[in-house]
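Student: What follows is coords-v4.txt, compact mmCIF, C-alpha atoms and all ligand atoms.
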```txt
# COMPACT_ATOMS: atom_id res chain seq x y z
CA MET A 1 -6.95 -28.47 9.02
CA ARG A 2 -8.35 -25.56 11.06
CA ILE A 3 -6.94 -22.41 9.51
CA LEU A 4 -7.10 -18.71 10.37
CA VAL A 5 -6.64 -16.56 7.28
CA ILE A 6 -5.55 -13.10 8.32
CA GLY A 7 -6.37 -10.57 5.63
CA GLY A 8 -8.69 -13.13 4.05
CA ALA A 9 -11.03 -10.38 2.80
CA GLY A 10 -8.33 -9.02 0.49
CA TYR A 11 -7.50 -9.90 -3.09
CA VAL A 12 -5.14 -12.88 -2.80
CA GLY A 13 -6.54 -13.84 0.61
CA SER A 14 -10.14 -14.20 -0.60
CA HIS A 15 -9.15 -16.47 -3.48
CA THR A 16 -7.11 -18.62 -1.11
CA VAL A 17 -9.96 -18.83 1.40
CA ARG A 18 -12.23 -20.15 -1.30
CA LEU A 19 -9.78 -22.81 -2.38
CA LEU A 20 -9.07 -23.85 1.22
CA ALA A 21 -12.79 -24.17 1.98
CA ARG A 22 -13.44 -26.12 -1.20
CA SER A 23 -10.54 -28.43 -0.40
CA GLY A 24 -12.21 -29.45 2.85
CA HIS A 25 -10.37 -27.25 5.35
CA ASP A 26 -12.14 -25.41 8.18
CA VAL A 27 -11.47 -21.73 7.56
CA TRP A 28 -11.96 -18.52 9.53
CA VAL A 29 -11.13 -15.09 8.16
CA TYR A 30 -9.65 -12.45 10.47
CA ASP A 31 -9.63 -8.98 8.91
CA ASN A 32 -10.06 -5.38 10.03
CA LEU A 33 -11.71 -4.52 6.68
CA SER A 34 -9.54 -1.43 6.29
CA ARG A 35 -8.84 -2.52 2.73
CA GLY A 36 -10.65 -5.83 2.43
CA HIS A 37 -14.25 -6.46 1.40
CA PRO A 38 -16.68 -8.46 3.55
CA GLN A 39 -18.56 -9.36 0.32
CA SER A 40 -15.50 -11.33 -0.83
CA VAL A 41 -15.76 -13.70 2.13
CA LYS A 42 -18.39 -16.14 0.96
CA GLU A 43 -17.23 -19.49 2.27
CA ALA A 44 -15.88 -18.82 5.74
CA GLU A 45 -16.84 -17.05 8.94
CA LEU A 46 -15.54 -13.48 9.10
CA ILE A 47 -14.06 -12.28 12.39
CA CYS A 48 -13.39 -8.53 12.54
CA GLY A 49 -10.23 -7.75 14.44
CA GLU A 50 -6.91 -5.97 14.44
CA LEU A 51 -3.65 -7.69 13.60
CA SER A 52 -2.04 -5.83 16.49
CA ASP A 53 -4.54 -7.21 19.03
CA ARG A 54 -2.56 -10.09 20.49
CA GLU A 55 -5.16 -10.98 23.11
CA HIS A 56 -8.01 -11.11 20.59
CA LEU A 57 -5.93 -13.32 18.31
CA LYS A 58 -5.16 -15.65 21.21
CA ARG A 59 -8.86 -15.94 22.04
CA VAL A 60 -9.63 -16.75 18.40
CA PHE A 61 -6.87 -19.39 18.29
CA GLN A 62 -8.20 -21.02 21.42
CA GLN A 63 -11.90 -20.78 20.62
CA HIS A 64 -11.54 -22.30 17.16
CA GLU A 65 -8.60 -24.63 17.93
CA ILE A 66 -6.61 -23.07 15.10
CA GLU A 67 -3.77 -25.21 13.72
CA ALA A 68 -2.35 -22.92 11.04
CA VAL A 69 -2.23 -19.27 10.04
CA MET A 70 -2.07 -17.72 6.61
CA HIS A 71 -1.02 -14.10 6.83
CA PHE A 72 -2.08 -11.82 3.97
CA ALA A 73 -2.83 -8.67 5.97
CA ALA A 74 -0.45 -5.97 4.82
CA PHE A 75 -0.28 -2.62 3.14
CA ALA A 76 1.21 -3.37 -0.27
CA LEU A 77 1.65 -0.20 -2.30
CA VAL A 78 5.20 0.83 -3.04
CA GLY A 79 4.47 4.54 -3.56
CA GLU A 80 2.37 4.77 -0.42
CA SER A 81 5.13 3.07 1.58
CA VAL A 82 7.61 5.75 0.47
CA ALA A 83 5.19 8.54 1.46
CA GLN A 84 4.00 6.94 4.71
CA PRO A 85 6.68 4.56 6.01
CA ALA A 86 5.43 4.75 9.60
CA MET A 87 2.13 3.19 8.61
CA TYR A 88 3.98 0.39 6.80
CA TYR A 89 6.36 -0.40 9.64
CA GLN A 90 3.51 -0.27 12.18
CA ASN A 91 1.21 -2.61 10.30
CA ASN A 92 3.50 -4.85 8.30
CA VAL A 93 6.16 -5.25 11.01
CA THR A 94 5.00 -4.25 14.51
CA ALA A 95 1.51 -5.70 14.22
CA THR A 96 2.81 -8.85 12.53
CA LEU A 97 5.19 -9.39 15.46
CA GLU A 98 2.11 -9.34 17.74
CA LEU A 99 0.62 -12.08 15.57
CA LEU A 100 3.79 -14.18 15.86
CA GLU A 101 3.75 -13.78 19.65
CA ALA A 102 0.06 -14.68 19.80
CA MET A 103 0.91 -17.83 17.84
CA ARG A 104 3.88 -18.69 20.05
CA GLU A 105 1.89 -18.18 23.25
CA SER A 106 -0.94 -20.32 21.86
CA GLY A 107 1.14 -23.16 20.45
CA VAL A 108 0.12 -22.41 16.82
CA TRP A 109 3.29 -23.08 14.83
CA ARG A 110 2.34 -23.26 11.14
CA ILE A 111 2.39 -20.08 9.08
CA VAL A 112 2.29 -19.25 5.38
CA PHE A 113 3.35 -15.65 4.82
CA SER A 114 2.74 -13.37 1.83
CA SER A 115 6.11 -12.00 0.79
CA THR A 116 6.98 -10.21 -2.40
CA THR A 117 9.32 -9.66 -5.28
CA ALA A 118 9.80 -6.18 -3.78
CA THR A 119 12.26 -7.78 -1.32
CA TYR A 120 14.70 -8.14 -4.24
CA GLY A 121 14.75 -4.45 -5.22
CA GLN A 122 16.30 -3.98 -8.65
CA PRO A 123 18.27 -7.15 -9.33
CA ASP A 124 20.68 -7.02 -12.25
CA LYS A 125 20.17 -10.65 -13.20
CA ILE A 126 16.89 -11.98 -14.65
CA PRO A 127 15.21 -14.38 -13.93
CA ILE A 128 15.25 -13.86 -10.19
CA ALA A 129 16.00 -16.94 -8.09
CA GLU A 130 15.72 -17.26 -4.30
CA THR A 131 19.52 -16.94 -4.17
CA THR A 132 19.36 -13.46 -5.74
CA PRO A 133 20.41 -10.94 -3.07
CA GLN A 134 17.47 -9.31 -1.32
CA LEU A 135 18.15 -5.58 -1.45
CA PRO A 136 14.82 -3.74 -1.21
CA ILE A 137 14.59 -0.21 -2.56
CA ASN A 138 11.46 0.93 -0.71
CA PRO A 139 9.89 0.65 2.77
CA TYR A 140 7.31 -1.90 1.57
CA GLY A 141 10.04 -4.31 0.49
CA PHE A 142 11.95 -3.76 3.75
CA THR A 143 8.89 -4.49 5.91
CA LYS A 144 8.34 -7.82 4.14
CA LEU A 145 12.01 -8.73 4.38
CA VAL A 146 12.09 -8.00 8.12
CA ILE A 147 9.24 -10.46 8.66
CA GLU A 148 10.90 -13.10 6.48
CA HIS A 149 13.91 -12.85 8.81
CA ALA A 150 11.73 -12.94 11.93
CA LEU A 151 10.05 -16.09 10.63
CA THR A 152 13.39 -17.75 9.95
CA ASP A 153 14.41 -16.98 13.54
CA TYR A 154 11.08 -18.27 14.91
CA ALA A 155 11.51 -21.47 12.92
CA ARG A 156 14.99 -22.01 14.34
CA ALA A 157 14.30 -21.00 17.93
CA TYR A 158 10.70 -22.07 18.48
CA GLY A 159 10.11 -24.74 15.86
CA PHE A 160 7.65 -22.74 13.76
CA GLY A 161 6.95 -24.26 10.35
CA VAL A 162 7.26 -21.39 7.91
CA ALA A 163 6.71 -20.70 4.22
CA SER A 164 7.36 -17.21 2.89
CA LEU A 165 5.91 -17.00 -0.60
CA ARG A 166 7.37 -14.25 -2.74
CA TYR A 167 4.68 -13.31 -5.22
CA PHE A 168 5.50 -11.64 -8.48
CA ASN A 169 2.54 -9.68 -9.99
CA ALA A 170 -0.73 -11.18 -8.78
CA ALA A 171 -3.36 -10.89 -11.53
CA GLY A 172 -6.67 -12.28 -12.74
CA ALA A 173 -9.80 -13.33 -10.88
CA SER A 174 -11.75 -16.47 -10.13
CA PRO A 175 -12.95 -17.74 -13.54
CA ASP A 176 -16.63 -17.68 -12.50
CA GLY A 177 -16.26 -13.92 -11.90
CA ASP A 178 -17.61 -14.10 -8.33
CA ILE A 179 -14.56 -12.63 -6.62
CA GLY A 180 -11.76 -10.48 -8.00
CA GLU A 181 -9.50 -7.47 -7.60
CA ASP A 182 -10.98 -4.30 -6.06
CA HIS A 183 -8.57 -1.70 -4.67
CA ASP A 184 -9.39 1.90 -3.84
CA PRO A 185 -7.58 3.73 -5.23
CA GLU A 186 -6.61 1.25 -7.95
CA THR A 187 -2.94 1.48 -8.94
CA HIS A 188 -2.35 -1.86 -10.69
CA LEU A 189 -1.90 -2.11 -14.42
CA ILE A 190 -4.44 -4.75 -15.51
CA PRO A 191 -7.45 -3.40 -13.54
CA ILE A 192 -6.70 0.13 -14.76
CA VAL A 193 -6.49 -1.02 -18.38
CA LEU A 194 -9.78 -2.91 -18.00
CA GLN A 195 -11.45 0.10 -16.37
CA THR A 196 -10.43 2.01 -19.51
CA ALA A 197 -12.11 -0.68 -21.62
CA LEU A 198 -15.24 -0.22 -19.50
CA GLY A 199 -15.22 3.51 -20.26
CA GLN A 200 -14.48 4.46 -16.65
CA ARG A 201 -11.19 6.07 -17.66
CA ALA A 202 -10.42 7.95 -20.86
CA ARG A 203 -7.01 6.33 -21.38
CA ILE A 204 -4.25 4.39 -19.68
CA GLY A 205 -1.03 6.20 -18.83
CA ILE A 206 2.11 4.23 -19.65
CA PHE A 207 4.70 5.00 -16.99
CA GLY A 208 7.81 5.36 -19.14
CA ASP A 209 8.75 3.98 -22.56
CA ASP A 210 12.50 4.52 -22.29
CA TYR A 211 13.45 1.53 -20.13
CA PRO A 212 16.20 -0.81 -21.35
CA THR A 213 13.66 -3.40 -22.54
CA PRO A 214 12.77 -4.40 -26.14
CA ASP A 215 9.79 -2.01 -26.41
CA GLY A 216 10.95 0.44 -23.73
CA THR A 217 8.20 -0.39 -21.19
CA CYS A 218 8.59 -2.30 -17.91
CA ILE A 219 8.42 -6.07 -17.89
CA ARG A 220 6.63 -8.01 -15.15
CA ASP A 221 5.75 -11.63 -14.43
CA TYR A 222 1.94 -11.82 -14.06
CA VAL A 223 0.81 -14.84 -12.07
CA HIS A 224 -2.83 -15.84 -11.67
CA VAL A 225 -4.32 -15.35 -8.22
CA ASP A 226 -5.77 -18.90 -8.21
CA ASP A 227 -2.29 -20.27 -8.93
CA LEU A 228 -1.02 -18.30 -5.94
CA ALA A 229 -3.86 -19.77 -3.86
CA ASP A 230 -2.88 -23.26 -4.99
CA ALA A 231 0.73 -22.66 -3.91
CA HIS A 232 -0.52 -21.66 -0.44
CA LEU A 233 -2.33 -24.96 -0.03
CA ARG A 234 0.69 -26.91 -1.13
CA ALA A 235 3.00 -24.93 1.15
CA LEU A 236 0.69 -25.54 4.09
CA SER A 237 0.78 -29.30 3.67
CA HIS A 238 4.57 -29.10 3.50
CA LEU A 239 5.06 -27.54 6.94
CA ARG A 240 6.72 -29.51 9.73
CA PRO A 241 8.19 -28.07 12.95
CA GLY A 242 11.31 -26.17 11.89
CA THR A 243 10.47 -26.04 8.16
CA ASN A 244 11.70 -22.74 6.76
CA LEU A 245 10.85 -22.18 3.10
CA GLN A 246 11.22 -19.09 0.94
CA LEU A 247 9.81 -19.55 -2.55
CA ASN A 248 9.30 -17.38 -5.62
CA LEU A 249 5.89 -17.60 -7.26
CA GLY A 250 5.72 -16.49 -10.88
CA THR A 251 5.21 -18.02 -14.29
CA GLY A 252 8.75 -17.32 -15.48
CA ARG A 253 7.32 -15.36 -18.43
CA GLY A 254 7.73 -11.62 -18.63
CA HIS A 255 5.32 -9.23 -20.36
CA SER A 256 5.87 -5.55 -21.07
CA VAL A 257 3.25 -2.92 -20.28
CA LEU A 258 2.54 -2.62 -24.02
CA GLU A 259 2.11 -6.39 -24.35
CA VAL A 260 -0.37 -6.39 -21.46
CA ILE A 261 -2.34 -3.57 -23.08
CA GLN A 262 -2.37 -5.50 -26.39
CA ALA A 263 -3.63 -8.61 -24.60
CA CYS A 264 -6.39 -6.51 -23.01
CA ARG A 265 -7.35 -5.12 -26.43
CA ARG A 266 -7.66 -8.64 -27.83
CA VAL A 267 -9.72 -9.86 -24.87
CA THR A 268 -12.06 -6.86 -24.63
CA GLY A 269 -12.27 -5.81 -28.28
CA HIS A 270 -11.83 -2.21 -27.07
CA PRO A 271 -9.18 0.08 -28.63
CA ILE A 272 -7.92 1.23 -25.17
CA PRO A 273 -6.28 4.61 -25.81
CA THR A 274 -2.84 5.11 -24.26
CA GLN A 275 -0.63 8.02 -23.35
CA VAL A 276 3.04 7.83 -22.47
CA GLU A 277 3.79 9.50 -19.15
CA ALA A 278 6.83 9.95 -16.92
CA ARG A 279 8.38 6.93 -15.22
CA ARG A 280 6.87 6.05 -11.85
CA PRO A 281 9.60 6.41 -9.21
CA GLY A 282 10.83 3.07 -7.86
CA ASP A 283 9.72 0.90 -10.82
CA PRO A 284 12.41 -1.65 -11.73
CA ALA A 285 12.72 -2.23 -15.51
CA GLU A 286 12.25 -5.99 -15.37
CA LEU A 287 11.06 -8.53 -12.79
CA VAL A 288 10.66 -12.15 -13.88
CA ALA A 289 10.69 -15.14 -11.57
CA ASP A 290 12.71 -18.29 -11.58
CA SER A 291 10.15 -20.45 -9.75
CA SER A 292 11.88 -23.77 -10.25
CA LEU A 293 12.28 -24.22 -6.49
CA ALA A 294 8.52 -23.95 -5.88
CA ARG A 295 7.94 -26.36 -8.75
CA ARG A 296 10.39 -28.82 -7.27
CA VAL A 297 9.50 -28.51 -3.60
CA LEU A 298 5.73 -28.01 -3.86
CA HIS A 299 5.20 -29.70 -7.24
CA TRP A 300 3.52 -26.41 -8.11
CA GLN A 301 2.79 -25.66 -11.74
CA PRO A 302 0.87 -22.49 -12.64
CA ARG A 303 -2.18 -23.44 -14.69
CA TYR A 304 -2.44 -19.99 -16.25
CA MET A 305 0.67 -19.52 -18.39
CA ASP A 306 -0.92 -17.32 -21.04
CA ILE A 307 -1.36 -13.59 -20.33
CA GLU A 308 -4.53 -13.48 -22.42
CA GLU A 309 -6.13 -16.20 -20.34
CA ILE A 310 -5.19 -14.34 -17.15
CA VAL A 311 -6.63 -11.09 -18.52
CA ALA A 312 -9.80 -12.91 -19.64
CA THR A 313 -10.57 -13.98 -16.06
CA ALA A 314 -9.96 -10.40 -14.83
CA TRP A 315 -12.21 -9.06 -17.61
CA ASN A 316 -15.00 -11.43 -16.62
CA TRP A 317 -14.84 -10.08 -13.05
CA HIS A 318 -14.65 -6.39 -14.05
CA ARG A 319 -17.45 -6.69 -16.59
CA ARG A 320 -19.74 -8.34 -14.06
CA HIS A 321 -18.71 -5.99 -11.23
CA PRO A 322 -17.92 -2.63 -12.86
CA ARG A 323 -18.04 -0.95 -9.42
CA GLY A 324 -16.21 -3.76 -7.63
CA TYR A 325 -17.81 -5.07 -4.47
CA SER A 326 -19.51 -1.78 -3.62
CA ALA A 327 -22.61 -2.69 -5.67
CA GLU A 328 -23.09 -6.04 -3.89
N1 LIG B 1 1.86 0.78 -14.95
C1 LIG B 1 1.59 1.72 -15.93
N2 LIG B 1 0.47 2.47 -15.80
C2 LIG B 1 -0.40 2.34 -14.77
C3 LIG B 1 -0.13 1.36 -13.78
C4 LIG B 1 1.02 0.60 -13.90
O1 LIG B 1 2.36 1.89 -16.89
O2 LIG B 1 -1.41 3.06 -14.71
C5 LIG B 1 3.07 -0.04 -15.09
C6 LIG B 1 4.02 0.12 -13.91
O3 LIG B 1 4.89 1.19 -14.14
C7 LIG B 1 4.72 -1.24 -13.92
C8 LIG B 1 3.65 -2.21 -14.42
O4 LIG B 1 2.68 -1.40 -15.07
O5 LIG B 1 5.77 -1.23 -14.82
C9 LIG B 1 2.98 -3.01 -13.34
O6 LIG B 1 2.55 -2.12 -12.34
P1 LIG B 1 1.62 -2.56 -11.11
O7 LIG B 1 1.36 -1.34 -10.30
O8 LIG B 1 0.47 -3.32 -11.64
O9 LIG B 1 2.51 -3.59 -10.33
P2 LIG B 1 3.96 -3.40 -9.68
O10 LIG B 1 4.89 -4.23 -10.50
O11 LIG B 1 4.33 -1.99 -9.47
O12 LIG B 1 3.66 -3.95 -8.23
C10 LIG B 1 3.79 -5.28 -7.89
C11 LIG B 1 2.93 -5.58 -6.67
C12 LIG B 1 3.46 -4.87 -5.47
C13 LIG B 1 4.92 -5.17 -5.34
C14 LIG B 1 5.66 -4.78 -6.58
C15 LIG B 1 7.12 -5.07 -6.47
O13 LIG B 1 1.60 -5.18 -6.91
O14 LIG B 1 2.77 -5.27 -4.32
O15 LIG B 1 5.14 -5.52 -7.65
O16 LIG B 1 7.84 -4.44 -7.47
F1 LIG B 1 5.45 -4.48 -4.31
```
What do you get writing this file as structure tokens?

Tutor:
Amino acid sequence: MRILVIGGAGYVGSHTVRLLARSGHDVWVYDNLSRGHPQSVKEAELICGELSDREHLKRVFQQHEIEAVMHFAAFALVGESVAQPAMYYQNNVTATLELLEAMRESGVWRIVFSSTTATYGQPDKIPIAETTPQLPINPYGFTKLVIEHALTDYARAYGFGVASLRYFNAAGASPDGDIGEDHDPETHLIPIVLQTALGQRARIGIFGDDYPTPDGTCIRDYVHVDDLADAHLRALSHLRPGTNLQLNLGTGRGHSVLEVIQACRRVTGHPIPTQVEARRPGDPAELVADSSLARRVLHWQPRYMDIEEIVATAWNWHRRHPRGYSAE
């Protein structure tokens, strides 16, 4: 299929582009490089453009006879979304609506959309199924939920084929260490712990050890980025006119912050000093996926079920690229 991957120079996008290309699809990446890295796009043509530029998108659709869109381009930091909601609503909602109109006006009807566990807020029942009420607690979660609803409406009214994939905590890197996670500033747990192992940080701050969890630290469901990529391919082949899927993507296994740090110590052999700090506002105590629907509908099965294996792939990337893509 001929696929335009919007935000394909980002973390999850770049891993998906690679898998799509290696599975025989024709792939183009559309990215404004505000947060993505051109060096991560190795197996597709990179088109620089803005998500909000409907006319440019329409030209790209026509020129390359695009049949499907994967949409990864979003701001995705909870804290930043609280501080700068306008930026989040502009990019994640307003600009995405331009993309949907460009698709509608061009007759492109397949879309796989990156949604998030943040649409659930702080659910009181774990694991989280797709039937769990979606009650976001921050602007980021709201922006993703708005687009999920827009996609449902576009599927009903215009026959779009839609899959909204609700990722839990994306983690890891391609096992060959060629592409991986590189955010600036970095806020995610595993990269920060591994930067500590590399000596780039003195210690890792643990954001709260008084949560109602067995060891007092927050529990998350870490899912390997290549498993997310695999789910995108499967979702794509599932789309028919009017298909409207919302699916959780996680392993179903939760790990506390302390357990992740322990796994990183085992993988790196580094003592990784820690320091308990205040809770980070907006962090739910526990988020673990019930992904049985994705397993049933897509026949998706995460290959990386072991946190140490996930960390090992991330470590391989960080060790080989201690400064991320900037040194390439
Ligand atoms: N954490 C620390 N110290 C750090 C960084 C993180 O203790 O230096 C803790 C956090 O408090 C949290 C856990 O590690 O408990 C994981 O934090 P991340 O920042 O790695 O990931 P989040 O769970 O906050 O974020 C993920 C996605 C977001 C999504 C969010 C929804 O990255 O895009 O889940 O809750 F919005």

Student: Within 6 Å of ligand LIG 1 (chain B), counting all atoms listed in the file: which residues, as a PyMOL selection string?

Tutor: chain A and resi 76-78+117-118+169+187-189+204-207+218+257+280+283

Student: Now that the selection is made, can you save its residues with C-alpha atoms as a PDB file, keeping the file's coordinate frame?

Tutor:
```pdb
ATOM      1  CA  ALA A  76       1.210  -3.370  -0.270  1.00  0.00           C
ATOM      2  CA  LEU A  77       1.650  -0.200  -2.300  1.00  0.00           C
ATOM      3  CA  VAL A  78       5.200   0.830  -3.040  1.00  0.00           C
ATOM      4  CA  THR A 117       9.320  -9.660  -5.280  1.00  0.00           C
ATOM      5  CA  ALA A 118       9.800  -6.180  -3.780  1.00  0.00           C
ATOM      6  CA  ASN A 169       2.540  -9.680  -9.990  1.00  0.00           C
ATOM      7  CA  THR A 187      -2.940   1.480  -8.940  1.00  0.00           C
ATOM      8  CA  HIS A 188      -2.350  -1.860 -10.690  1.00  0.00           C
ATOM      9  CA  LEU A 189      -1.900  -2.110 -14.420  1.00  0.00           C
ATOM     10  CA  ILE A 204      -4.250   4.390 -19.680  1.00  0.00           C
ATOM     11  CA  GLY A 205      -1.030   6.200 -18.830  1.00  0.00           C
ATOM     12  CA  ILE A 206       2.110   4.230 -19.650  1.00  0.00           C
ATOM     13  CA  PHE A 207       4.700   5.000 -16.990  1.00  0.00           C
ATOM     14  CA  CYS A 218       8.590  -2.300 -17.910  1.00  0.00           C
ATOM     15  CA  VAL A 257       3.250  -2.920 -20.280  1.00  0.00           C
ATOM     16  CA  ARG A 280       6.870   6.050 -11.850  1.00  0.00           C
ATOM     17  CA  ASP A 283       9.720   0.900 -10.820  1.00  0.00           C
TER      18      ASP A 283
END
```

Student: Each residue of segment 126-193 of chain A lying at most 12 Å from segment 82-93 of chain A should get a row with its shortest atom-to-atom pair and the distance in Å to one decimal, counting all atoms listed in the file; could you produce that, ordered by chain and increasing number, as JSON lines?

Tutor:
```
{"residue": "A:Ile137", "atom": "CA", "partner": "A:Val82", "partner_atom": "CA", "distance": 9.7}
{"residue": "A:Asn138", "atom": "CA", "partner": "A:Val82", "partner_atom": "CA", "distance": 6.3}
{"residue": "A:Pro139", "atom": "CA", "partner": "A:Pro85", "partner_atom": "CA", "distance": 6.0}
{"residue": "A:Tyr140", "atom": "CA", "partner": "A:Tyr88", "partner_atom": "CA", "distance": 6.6}
{"residue": "A:Gly141", "atom": "CA", "partner": "A:Tyr88", "partner_atom": "CA", "distance": 9.9}
{"residue": "A:Phe142", "atom": "CA", "partner": "A:Tyr89", "partner_atom": "CA", "distance": 8.8}
{"residue": "A:Thr143", "atom": "CA", "partner": "A:Val93", "partner_atom": "CA", "distance": 5.8}
{"residue": "A:Lys144", "atom": "CA", "partner": "A:Asn92", "partner_atom": "CA", "distance": 7.0}
{"residue": "A:Leu145", "atom": "CA", "partner": "A:Val93", "partner_atom": "CA", "distance": 9.5}
{"residue": "A:Val146", "atom": "CA", "partner": "A:Val93", "partner_atom": "CA", "distance": 7.1}
{"residue": "A:Ile147", "atom": "CA", "partner": "A:Val93", "partner_atom": "CA", "distance": 6.5}
{"residue": "A:Glu148", "atom": "CA", "partner": "A:Val93", "partner_atom": "CA", "distance": 10.2}
{"residue": "A:His149", "atom": "CA", "partner": "A:Val93", "partner_atom": "CA", "distance": 11.1}
{"residue": "A:Ala150", "atom": "CA", "partner": "A:Val93", "partner_atom": "CA", "distance": 9.5}
{"residue": "A:Leu151", "atom": "CA", "partner": "A:Val93", "partner_atom": "CA", "distance": 11.5}
```

Student: As an exercise, work out the distance from atom CA of Asp306 of chain A to atom CA of Arg266 of chain A in Å and give it to one decimal place.

Tutor: 12.9 Å

Student: Pull the closest atom pair for each residue of segment 203-280 of chain A that gets at most 8 Å from segment 286-301 of chain A, along with the distance in Å to one decimal, counting only C-alpha atoms, ordering rows by chain and then ascending residue number, as CSV.

Tutor:
```
residue,atom,partner,partner_atom,distance
A:Thr213,CA,A:Glu286,CA,7.8
A:Cys218,CA,A:Glu286,CA,5.8
A:Ile219,CA,A:Glu286,CA,4.6
A:Arg220,CA,A:Leu287,CA,5.0
A:Asp221,CA,A:Val288,CA,5.0
A:Asp227,CA,A:Gln301,CA,7.9
A:Asp230,CA,A:Trp300,CA,7.8
A:Ala231,CA,A:Trp300,CA,6.3
A:Arg234,CA,A:Leu298,CA,5.8
A:Ala235,CA,A:Leu298,CA,6.5
A:His238,CA,A:Leu298,CA,7.5
A:Leu247,CA,A:Ala294,CA,5.7
A:Asn248,CA,A:Ser291,CA,5.2
A:Leu249,CA,A:Ser291,CA,5.7
A:Gly250,CA,A:Ala289,CA,5.2
A:Thr251,CA,A:Ala289,CA,6.8
A:Gly252,CA,A:Ala289,CA,4.9
A:Arg253,CA,A:Val288,CA,6.5
A:Gly254,CA,A:Val288,CA,5.6
```

Student: Give me, as a tab-separated table, the closest atom pair and its distance (Å, one decimal) for every residue of segment 100-155 of chain A within a cut-off of 12 Å of segment 1-19 of chain A, counting all atoms listed in the file, rows sorted by chain and rising number.

Tutor:
```
residue	atom	partner	partner_atom	distance
A:Met103	CA	A:Leu4	CA	11.0
A:Val108	CA	A:Ile3	CA	10.2
A:Trp109	CA	A:Ile3	CA	11.6
A:Arg110	CA	A:Ile3	CA	9.5
A:Ile111	CA	A:Ile3	CA	9.6
A:Val112	CA	A:Val5	CA	9.5
A:Phe113	CA	A:Ile6	CA	9.9
A:Ser114	CA	A:Val12	CA	9.2
A:Ser115	CA	A:Val12	CA	11.8
```

Student: Write out the residues from the selection above, keeping C-alpha atoms, as a PDB file, in the coordinates of the input.

Tutor:
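What landed in again-v2.pdb:
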```pdb
ATOM      1  CA  MET A 103       0.910 -17.830  17.840  1.00  0.00           C
ATOM      2  CA  VAL A 108       0.120 -22.410  16.820  1.00  0.00           C
ATOM      3  CA  TRP A 109       3.290 -23.080  14.830  1.00  0.00           C
ATOM      4  CA  ARG A 110       2.340 -23.260  11.140  1.00  0.00           C
ATOM      5  CA  ILE A 111       2.390 -20.080   9.080  1.00  0.00           C
ATOM      6  CA  VAL A 112       2.290 -19.250   5.380  1.00  0.00           C
ATOM      7  CA  PHE A 113       3.350 -15.650   4.820  1.00  0.00           C
ATOM      8  CA  SER A 114       2.740 -13.370   1.830  1.00  0.00           C
ATOM      9  CA  SER A 115       6.110 -12.000   0.790  1.00  0.00           C
TER      10      SER A 115
END
```

Student: Show me, as a ChimeraX atom specification, the residues that have an atom within 10 Å of Pro271 of chain A when counting only C-alpha atoms, minus same-chain residues fewer than 3 positions from it.

Tutor: /A:196-197,203,261-262,264-266,268,274

Student: Could you save the residues just selected, with C-alpha atoms, as a compact mmCIF listing (two decimals), in the frame of the given file?

Tutor:
```txt
# COMPACT_ATOMS: atom_id res chain seq x y z
CA THR A 196 -10.43 2.01 -19.51
CA ALA A 197 -12.11 -0.68 -21.62
CA ARG A 203 -7.01 6.33 -21.38
CA ILE A 261 -2.34 -3.57 -23.08
CA GLN A 262 -2.37 -5.50 -26.39
CA CYS A 264 -6.39 -6.51 -23.01
CA ARG A 265 -7.35 -5.12 -26.43
CA ARG A 266 -7.66 -8.64 -27.83
CA THR A 268 -12.06 -6.86 -24.63
CA THR A 274 -2.84 5.11 -24.26
```

Student: Using 12 Å as the limit and counting only C-alpha atoms, can you tabulate each residue of segment 136-233 of chain A that touches segment 23-40 of chain A, with its shortest atom-to-atom distance in Å and the two atoms involved, as a Markdown table?

Tutor:
```
| residue | atom | partner | partner_atom | distance |
| --- | --- | --- | --- | --- |
| A:Ala173 | CA | A:Ser40 | CA | 11.7 |
| A:Ser174 | CA | A:Ser40 | CA | 11.3 |
| A:Gly177 | CA | A:Ser40 | CA | 11.4 |
| A:Asp178 | CA | A:Ser40 | CA | 8.3 |
| A:Ile179 | CA | A:Ser40 | CA | 6.0 |
| A:Gly180 | CA | A:Ser40 | CA | 8.1 |
| A:Glu181 | CA | A:Ser40 | CA | 9.8 |
| A:Asp182 | CA | A:His37 | CA | 8.4 |
| A:His183 | CA | A:Arg35 | CA | 7.5 |
| A:Asp184 | CA | A:Arg35 | CA | 7.9 |
| A:Pro185 | CA | A:Arg35 | CA | 10.2 |
| A:Glu186 | CA | A:Arg35 | CA | 11.5 |
| A:Ala229 | CA | A:Ser23 | CA | 11.5 |
| A:Asp230 | CA | A:Ser23 | CA | 10.3 |
| A:Leu233 | CA | A:Ser23 | CA | 8.9 |
```

Student: Around the point (-23.3, -5.7, -6.3), in the coordinates given by the file, pick out the residues reaching within 12 Å, counting all atoms listed in the file, and return them as a PyMOL selection string.

Tutor: chain A and resi 37+39-40+178-179+317-328

Student: Nearest residue to Asn244 of chain A out of A:Pro136, A:Pro127, A:Gly159, A:Gly121, using only C-alpha atoms?

Tutor: A:Gly159

Student: Measure the distance from atom CA of Ala170 of chain A to atom CA of Val223 of chain A in Å and round it to one decimal.

Tutor: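 One can read the atom CA of Ala170 of chain A to atom CA of Val223 of chain A distance as 5.2 Å.
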
Student: What separation in Å, quoted to one decimal, exists between atom CA of Ser81 of chain A and atom CA of Ile128 of chain A?

Tutor: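 Separating atom CA of Ser81 of chain A from atom CA of Ile128 of chain A is a distance of 23.0 Å.
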
Student: Pick the closest to Gln200 of chain A from A:Gln134, A:Ile272, A:Leu97, A:Phe72: which is it, counting all atoms listed in the file?

Tutor: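 Comparing A:Gln134, A:Ile272, A:Leu97, A:Phe72 against Gln200 of chain A, the winner is A:Ile272.
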